[in-house]
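Before any comments, here is the structure.
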Amino acid sequence: MSPSDLLPALPFIIVSVWAILLLLFDLFISNKGITAILAAAGVAAALVAVIARLGSYQVAFNGMIVADSFSDYLQIVILATALLGIAVAYDYLRRMNMERGEYYTLMLFTVSGMLLMSLAGDLILVFLAIELLSLPLYVLSGFARPEKSSEEAAMKYFILGAFSSAFLVYGIALIFGSTGTTNMAGVAQSIAGDQADPTLMIIAVPMLLVGLGFKVAAVPFHMWTPDVYEGAPSAAVAFMSVGAKVAGFAALLRIFVAALPELAPAWGPVVIAVSAATMIWGNVAAIAQSNIKRMLAYSSIAHAGYILMALAAASDPTVADKAVSAALFYLFAYLFSNLGAWAVVLAMERSKGGGLRIEDYAGLGRRRPALALAMAIFMLSLIGVPPTAGFIGKFLVFGVTIEAGLIGLAIVGVVTTLISAYYYLRVVVMMYMRTGEPESRSEGWLNRTVGLTALATFLLGVLPGPILILAGSSGFITP
Amino acid sequence: MDAWILTLVTFFPIVGVIVLLFLPKERETAMRWTALLTAVITFVLSLIMLAGFESSDPDLQMVVRLTWFSIGDLHIEYFLGVDGLSILLVLLTTFLMVLALLSTWTAIVDRVREFMIFFLLLEVGLVGVFLGMDLFLFYVFWEFTLVPMYFLIGVWGGERRMYAAIKFFLYTMAGSILMLLAIIWLGLDGGTFSIPDLIKAQAIPANLQFWLFLAFAAAFAIKVPMWPFHSWLPDAHVEAPTAASVILAGVLLKMGTYGFLRFNLGIFPQASVRLAPWIALFAVIGILYGAAVAYAQKDVKKLVAYASISHLGFVMLGLFALNLQGLQGGILQMINHGLSTGALFLIVGMLYERRRTREMDAFGGLWKVMPIYAGLTLIVTLSSMGLPGLNGFVGEFTILLGSFGSIAIGSEGFAILAAVGVILAAVYMLYMFQKLFLGPLDNEKNKRLPDLNRRELLTLVPIVILIFWIGLYPRPFFGLTEASVEKVVQLVSSAAMAMR
């Protein structure tokens, strides 16, 4: 290791060191608002570090860490998610009587894991990162203790998460056995040079898919999602529904596109099937939900399916770069629409799980016009109606799917999009077309987050150019 | 000016939206005036566009073409243009918007600001659909129109408004997402989303044309709506507030027929020739079915809604005759239908505002209490029936002429059956008129109904003037469309030659 190795990993180092320091400082801070601000400052510093190194390509720690435009892009998404996650948590935790400083330090730890995930050029590091990001998330899910549902969520998430991690690590071990290396570039070379043992690979690759499929909530590894999203504190869910997914896709894309491109004929069909199943089941199950948190949970499953479409398209080497770019743009669009929607849920939630039924939104259009308008924009973006970010995202994803010749998958995509319109519009119907007396909170940071994400969702739909350029140049993953 | 006039016509309503956002809550009259004034200025802008329009030029005019953004090496353009196929539809839109807003003056009292905002946003979407010449841009406008219309029906509609709004949204979206896939395919295949470039290239092999034609047709046929994809229309119409019905029937449905004209005929001419007899068949079924069901209705609004299905069957028959008369007649009939049916919905709305019911049995003998209203209704009714001297006759006659001599459709039977539809139209329209206005004035509640006030006169008289104008002297209207239509006809006939 040389000092120059530290530079590519600087954002990760900033966040993890800051998390440790904040854990200590927090003991002496009585106003937890200051902890939140300090945590946000650490995230912002990391964001500056990412932007400062934008566009350069660096490999560090003997190929363990790869900092390229792909990782830059994802780190920007992750850090933006973290900032918004802190903003929505601030008032919520206070209101729900769970304002404790650890919340923010735990968030910083999980963010550092997510950052590491996007930087990982080695399978061992992927495993390390997934544990680093998961363990704090388990705790955050149970943060509303002694609330039973929260504890249940944490327990469920932990047990199933540990189970899926075992699959992942087993898959990595088998790849090591097959190729003699865990370095992604080495794995790719070994497979290209016909030195890998194909039998082991046939077992290993599905195991990776199981382990990471769990993180992104792909069917059939999604079972935990509705229960965890429903039981965990909403502020934590708002953050992790985006953050964990981004990190999961960072690993999926890098491993499958950069380390295993030679095996694409084998994993391509599997990803197609998983993607189709995820879109179908996520959207169909969402229709039946009456609790908004569960509905958004199934919606997040469905969106994993759409992003998986891009991974399926990436199995065609001629469109792989474009497919990765499409997935990257989709994640950005998903960040704003989904986190925004969760922020509205936070504004509507009352203690003891009140205000979480979709019927509780009746009359919101009259009572809180701005909040309802923002929610309508998020819902339309999640459907994919222009001119919103979600539409551009879906357009790109369908585009690469068609370009890769997967017309059948694209048709599944549009048909499920139509199904999704039904349940997303139900929220809009409630807000504008039913009468009611909804109770909602108007809190500074929550309002600002809602406003900002709504504006971003709209602007990204009208002027997607800059982000498209950024995503376009980040599509070339280097192992 | 030339370069920016189309942008202005499309986006000027946004100015009104911004003003509306900042008006204080209690100033509802100011909101109405703002919206109306915005629509009037947009109409004037569209007249300026008309003044600069060179009718002998078959190509796009007043073009704006800029790169909007790029996906890899594929450029999405901000590309607006107008030609003979679209200019009348743009004028119809801006014209009906003004009248529709006038009709809301006393009808919309709840959430006025939101209503006006959605209405103006709808205008942006509609004008954009007719002017957008990049497939992506077109699709953005196309899908966007769903959102304001969904709210207009869902918030200000009748009793079953939520059902109607969701049905409208899902039904029309079902068609348009298939079109989205076809659009993506076209863009990837041709390396451009520019509609004129794709039409010029004619690079799509016949067997693929067939599938892409169907994908586009799915979106358009639902929008028109063609039988058997019409079931959303009666629900949406009956539940929508008057002004939204006027725009829905007058303009929104024309998005579908315009789509067939611009895209299916232009980009897939071979498939168009091949499928013309089938489209004609569905069109004629629609004409007869719509007419038959219209006759069976008790609710005036439903009657007019089903009559729309019948009338749009004529438009489709004319378009797919694939000859000059058929196409010219089809385009003119789009305008005619926009005017007559728009007026009919306004008329029904006026009645509903007075009596809060639309059941025909509740009326009778209204001629005695509301003579001006009855007189205007008679003119509109006769226009809708296709009485010579009024606009409907010119359109339907030209369409029948075109379809009778059409090689593409291949049989005179369609024209003959469609002519039967004209007779049926006379039956149900006169039946409606008789139920409302003739007979004894036996319902107490109807005895004191006030006749039209000045504002209501102002909404109907401009339409009636146009009804006479087109009926007596249609030359200028045909003149605007002729050059562009000839170009389409040439394109289609050379495709037909190539197939032989």
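If you're wondering about the labels, chains in the structure tokens are A, B, ... by order shown, residues count from 1 in each chain, ligands from 1 in order shown.
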Task: chain A contacts on chain B, only C-alpha atoms, 7 Å, as an NGL selection string - done: :B and (69-72 or 140 or 143-144 or 154-155 or 162 or 170 or 173-174 or 177 or 184-185)
Open item on the list: What's around Gln202 of chain B at 9 Å? Count only C-alpha atoms, leave out sequence neighbours fewer than 2 positions away in its own chain, and write the answer as a list of chain:residue names.
Closed with: B:Asp197, B:Leu198, B:Ile199, B:Lys200, B:Ile204, B:Pro205, B:Gly266, B:Ile267, B:Phe268, B:Pro269
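With atom CA of Met379 of chain A on one side and atom CA of Leu460 of chain A on the other, the separation reads 14.9 Å.
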Task: d(atom CA of Leu146 of chain B, atom CA of Ile166 of chain B) in Å - done: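 Separation of atom CA of Leu146 of chain B and atom CA of Ile166 of chain B: 10.4 Å.
Closest approach to Arg358 of chain B from the set B:Ala294, B:Leu36, B:Ala496, B:Leu303 is made by B:Leu303, with distances taken over only C-alpha atoms.
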- [ ] To one decimal in Å, tell me the separation between atom CA of Pro136 of chain A and atom CA of Ala153 of chain A.
- [x] 13.5 Å
Task: Who sits within 7 Å of segment 292-305 of chain A, only C-alpha atoms, same chain under 3 positions skipped, as a ChimeraX atom specification - done: /A:216-218,225-226,229-230,275-276,278-279,282-283,285-286,289,308-309,356-358
Once you have the residues from the selection above, write them out as a PDB file, in the first residue's frame, restricted to C-alpha atoms.
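again02.pdb was written with the following content:
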ATOM      1  CA  VAL A 216     -32.070  -5.428  -4.597  1.00  0.00           C
ATOM      2  CA  ALA A 217     -35.305  -7.284  -3.743  1.00  0.00           C
ATOM      3  CA  ALA A 218     -35.652  -9.300  -6.917  1.00  0.00           C
ATOM      4  CA  THR A 225     -39.270  -6.483   1.565  1.00  0.00           C
ATOM      5  CA  PRO A 226     -42.936  -5.793   2.394  1.00  0.00           C
ATOM      6  CA  TYR A 229     -40.635  -1.848   4.877  1.00  0.00           C
ATOM      7  CA  GLU A 230     -43.841  -1.969   6.836  1.00  0.00           C
ATOM      8  CA  SER A 275     -36.471  -9.566 -14.313  1.00  0.00           C
ATOM      9  CA  ALA A 276     -39.785 -10.612 -15.833  1.00  0.00           C
ATOM     10  CA  THR A 278     -39.886  -9.370 -10.538  1.00  0.00           C
ATOM     11  CA  MET A 279     -41.839  -6.922 -12.666  1.00  0.00           C
ATOM     12  CA  GLY A 282     -44.045  -6.742  -7.796  1.00  0.00           C
ATOM     13  CA  ASN A 283     -46.720  -4.926  -9.733  1.00  0.00           C
ATOM     14  CA  ALA A 285     -48.976  -7.786  -5.591  1.00  0.00           C
ATOM     15  CA  ALA A 286     -48.882  -4.011  -5.173  1.00  0.00           C
ATOM     16  CA  GLN A 289     -52.110  -3.436  -0.812  1.00  0.00           C
ATOM     17  CA  LEU A 308     -32.822  -5.834 -14.101  1.00  0.00           C
ATOM     18  CA  MET A 309     -34.156  -5.434 -17.631  1.00  0.00           C
ATOM     19  CA  LEU A 356     -50.481   4.788   6.712  1.00  0.00           C
ATOM     20  CA  ARG A 357     -53.545   3.519   4.922  1.00  0.00           C
ATOM     21  CA  ILE A 358     -54.044   4.748   1.387  1.00  0.00           C
TER      22      ILE A 358
END
Report as a PDB file with N, CA and C atoms, in the first residue's frame all protein, DNA and RNA residues lying within 12 Å of Met98 of chain A, evaluated on only C-alpha atoms, omitting residues in the same chain fewer than 6 positions from it.
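Below is the file that was written, result20.pdb:
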ATOM      1  N   LYS A  32     -29.521  16.522  19.462  1.00  0.00           N
ATOM      2  CA  LYS A  32     -29.202  15.558  18.406  1.00  0.00           C
ATOM      3  C   LYS A  32     -29.304  16.169  17.009  1.00  0.00           C
ATOM      4  N   ALA A  89     -35.057  12.279   8.116  1.00  0.00           N
ATOM      5  CA  ALA A  89     -35.058  11.621   9.423  1.00  0.00           C
ATOM      6  C   ALA A  89     -35.162  12.628  10.561  1.00  0.00           C
ATOM      7  N   TYR A  90     -34.606  13.817  10.346  1.00  0.00           N
ATOM      8  CA  TYR A  90     -34.412  14.789  11.417  1.00  0.00           C
ATOM      9  C   TYR A  90     -35.683  15.044  12.233  1.00  0.00           C
ATOM     10  N   ASP A  91     -36.736  15.523  11.569  1.00  0.00           N
ATOM     11  CA  ASP A  91     -37.967  15.823  12.304  1.00  0.00           C
ATOM     12  C   ASP A  91     -38.718  14.559  12.683  1.00  0.00           C
ATOM     13  N   TYR A  92     -38.622  13.573  11.821  1.00  0.00           N
ATOM     14  CA  TYR A  92     -39.385  12.344  12.022  1.00  0.00           C
ATOM     15  C   TYR A  92     -38.975  11.656  13.322  1.00  0.00           C
ATOM     16  N   TYR A 104     -27.752   8.496  13.160  1.00  0.00           N
ATOM     17  CA  TYR A 104     -26.961   9.118  12.100  1.00  0.00           C
ATOM     18  C   TYR A 104     -25.617   8.414  11.913  1.00  0.00           C
ATOM     19  N   LEU A 140     -30.964  -0.296  12.013  1.00  0.00           N
ATOM     20  CA  LEU A 140     -31.881   0.803  11.706  1.00  0.00           C
ATOM     21  C   LEU A 140     -33.320   0.302  11.561  1.00  0.00           C
ATOM     22  N   GLY A 142     -34.657  -1.991  13.222  1.00  0.00           N
ATOM     23  CA  GLY A 142     -35.211  -2.208  14.551  1.00  0.00           C
ATOM     24  C   GLY A 142     -35.148  -0.975  15.425  1.00  0.00           C
ATOM     25  N   PHE A 143     -34.921   0.152  14.822  1.00  0.00           N
ATOM     26  CA  PHE A 143     -34.652   1.368  15.603  1.00  0.00           C
ATOM     27  C   PHE A 143     -35.860   1.841  16.390  1.00  0.00           C
ATOM     28  N   ALA A 144     -37.047   1.429  15.981  1.00  0.00           N
ATOM     29  CA  ALA A 144     -38.246   1.899  16.678  1.00  0.00           C
ATOM     30  C   ALA A 144     -38.573   1.035  17.883  1.00  0.00           C
ATOM     31  N   ARG A 145     -37.597   0.261  18.389  1.00  0.00           N
ATOM     32  CA  ARG A 145     -37.869  -0.551  19.562  1.00  0.00           C
ATOM     33  C   ARG A 145     -38.355   0.346  20.694  1.00  0.00           C
ATOM     34  N   PRO A 146     -39.199  -0.123  21.564  1.00  0.00           N
ATOM     35  CA  PRO A 146     -39.723  -1.480  21.701  1.00  0.00           C
ATOM     36  C   PRO A 146     -40.962  -1.762  20.854  1.00  0.00           C
ATOM     37  N   GLU A 147     -41.101  -1.061  19.766  1.00  0.00           N
ATOM     38  CA  GLU A 147     -42.226  -1.341  18.861  1.00  0.00           C
ATOM     39  C   GLU A 147     -42.054  -2.761  18.304  1.00  0.00           C
ATOM     40  N   PRO A 233     -38.819   1.796  10.846  1.00  0.00           N
ATOM     41  CA  PRO A 233     -39.169   3.222  10.860  1.00  0.00           C
ATOM     42  C   PRO A 233     -39.140   3.776   9.429  1.00  0.00           C
ATOM     43  N   ALA A 235     -38.472   6.551   8.102  1.00  0.00           N
ATOM     44  CA  ALA A 235     -37.331   7.356   7.663  1.00  0.00           C
ATOM     45  C   ALA A 235     -36.192   6.448   7.205  1.00  0.00           C
ATOM     46  N   ALA A 236     -35.993   5.348   7.952  1.00  0.00           N
ATOM     47  CA  ALA A 236     -34.939   4.413   7.567  1.00  0.00           C
ATOM     48  C   ALA A 236     -35.282   3.734   6.251  1.00  0.00           C
ATOM     49  N   SER A 351     -48.158   8.701  15.050  1.00  0.00           N
ATOM     50  CA  SER A 351     -47.579   7.687  15.931  1.00  0.00           C
ATOM     51  C   SER A 351     -48.476   6.446  15.951  1.00  0.00           C
TER      52      SER A 351
END
Open item on the list: Set the distance at 10 Å and use only C-alpha atoms: which residues neighbour Gly33 of chain A once local chain neighbours fewer than 5 positions away are removed? I'd like the list as an MDAnalysis selection string.
Closed with: chainID A and resid 38:39 90:91 94 99:101
Those same residues - N, CA and C atoms - I'd like them written as a PDB file, in the first residue's frame.
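This is the output file result_33.pdb:
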ATOM      1  N   LEU A  38     -23.855  17.439  11.629  1.00  0.00           N
ATOM      2  CA  LEU A  38     -22.476  16.962  11.472  1.00  0.00           C
ATOM      3  C   LEU A  38     -22.414  15.778  10.504  1.00  0.00           C
ATOM      4  N   ALA A  39     -23.377  14.875  10.640  1.00  0.00           N
ATOM      5  CA  ALA A  39     -23.396  13.715   9.735  1.00  0.00           C
ATOM      6  C   ALA A  39     -23.551  14.187   8.297  1.00  0.00           C
ATOM      7  N   TYR A  90     -34.606  13.817  10.346  1.00  0.00           N
ATOM      8  CA  TYR A  90     -34.412  14.789  11.417  1.00  0.00           C
ATOM      9  C   TYR A  90     -35.683  15.044  12.233  1.00  0.00           C
ATOM     10  N   ASP A  91     -36.736  15.523  11.569  1.00  0.00           N
ATOM     11  CA  ASP A  91     -37.967  15.823  12.304  1.00  0.00           C
ATOM     12  C   ASP A  91     -38.718  14.559  12.683  1.00  0.00           C
ATOM     13  N   ARG A  94     -37.584  12.873  15.936  1.00  0.00           N
ATOM     14  CA  ARG A  94     -38.004  13.653  17.098  1.00  0.00           C
ATOM     15  C   ARG A  94     -39.473  13.430  17.378  1.00  0.00           C
ATOM     16  N   GLU A  99     -35.397   9.875  18.814  1.00  0.00           N
ATOM     17  CA  GLU A  99     -34.252  10.657  18.404  1.00  0.00           C
ATOM     18  C   GLU A  99     -33.034  10.242  19.228  1.00  0.00           C
ATOM     19  N   ARG A 100     -32.192   9.461  18.609  1.00  0.00           N
ATOM     20  CA  ARG A 100     -30.944   9.061  19.257  1.00  0.00           C
ATOM     21  C   ARG A 100     -29.825   9.268  18.260  1.00  0.00           C
ATOM     22  N   GLY A 101     -28.693   9.692  18.761  1.00  0.00           N
ATOM     23  CA  GLY A 101     -27.589  10.052  17.875  1.00  0.00           C
ATOM     24  C   GLY A 101     -27.086   8.903  17.028  1.00  0.00           C
TER      25      GLY A 101
END
Task: Close residues, segment 48-63 of chain B itself excluded, 10 Å, only C-alpha atoms, min 4 positions apart in chain, as a count of residues only - done: 39
- [ ] May I have the residues within 7 Å of Asp68 of chain A as JSON, numbers by chain, using only C-alpha atoms and disregarding those fewer than 6 positions away in the same chain?
- [x] {"A": [56, 57, 58]}
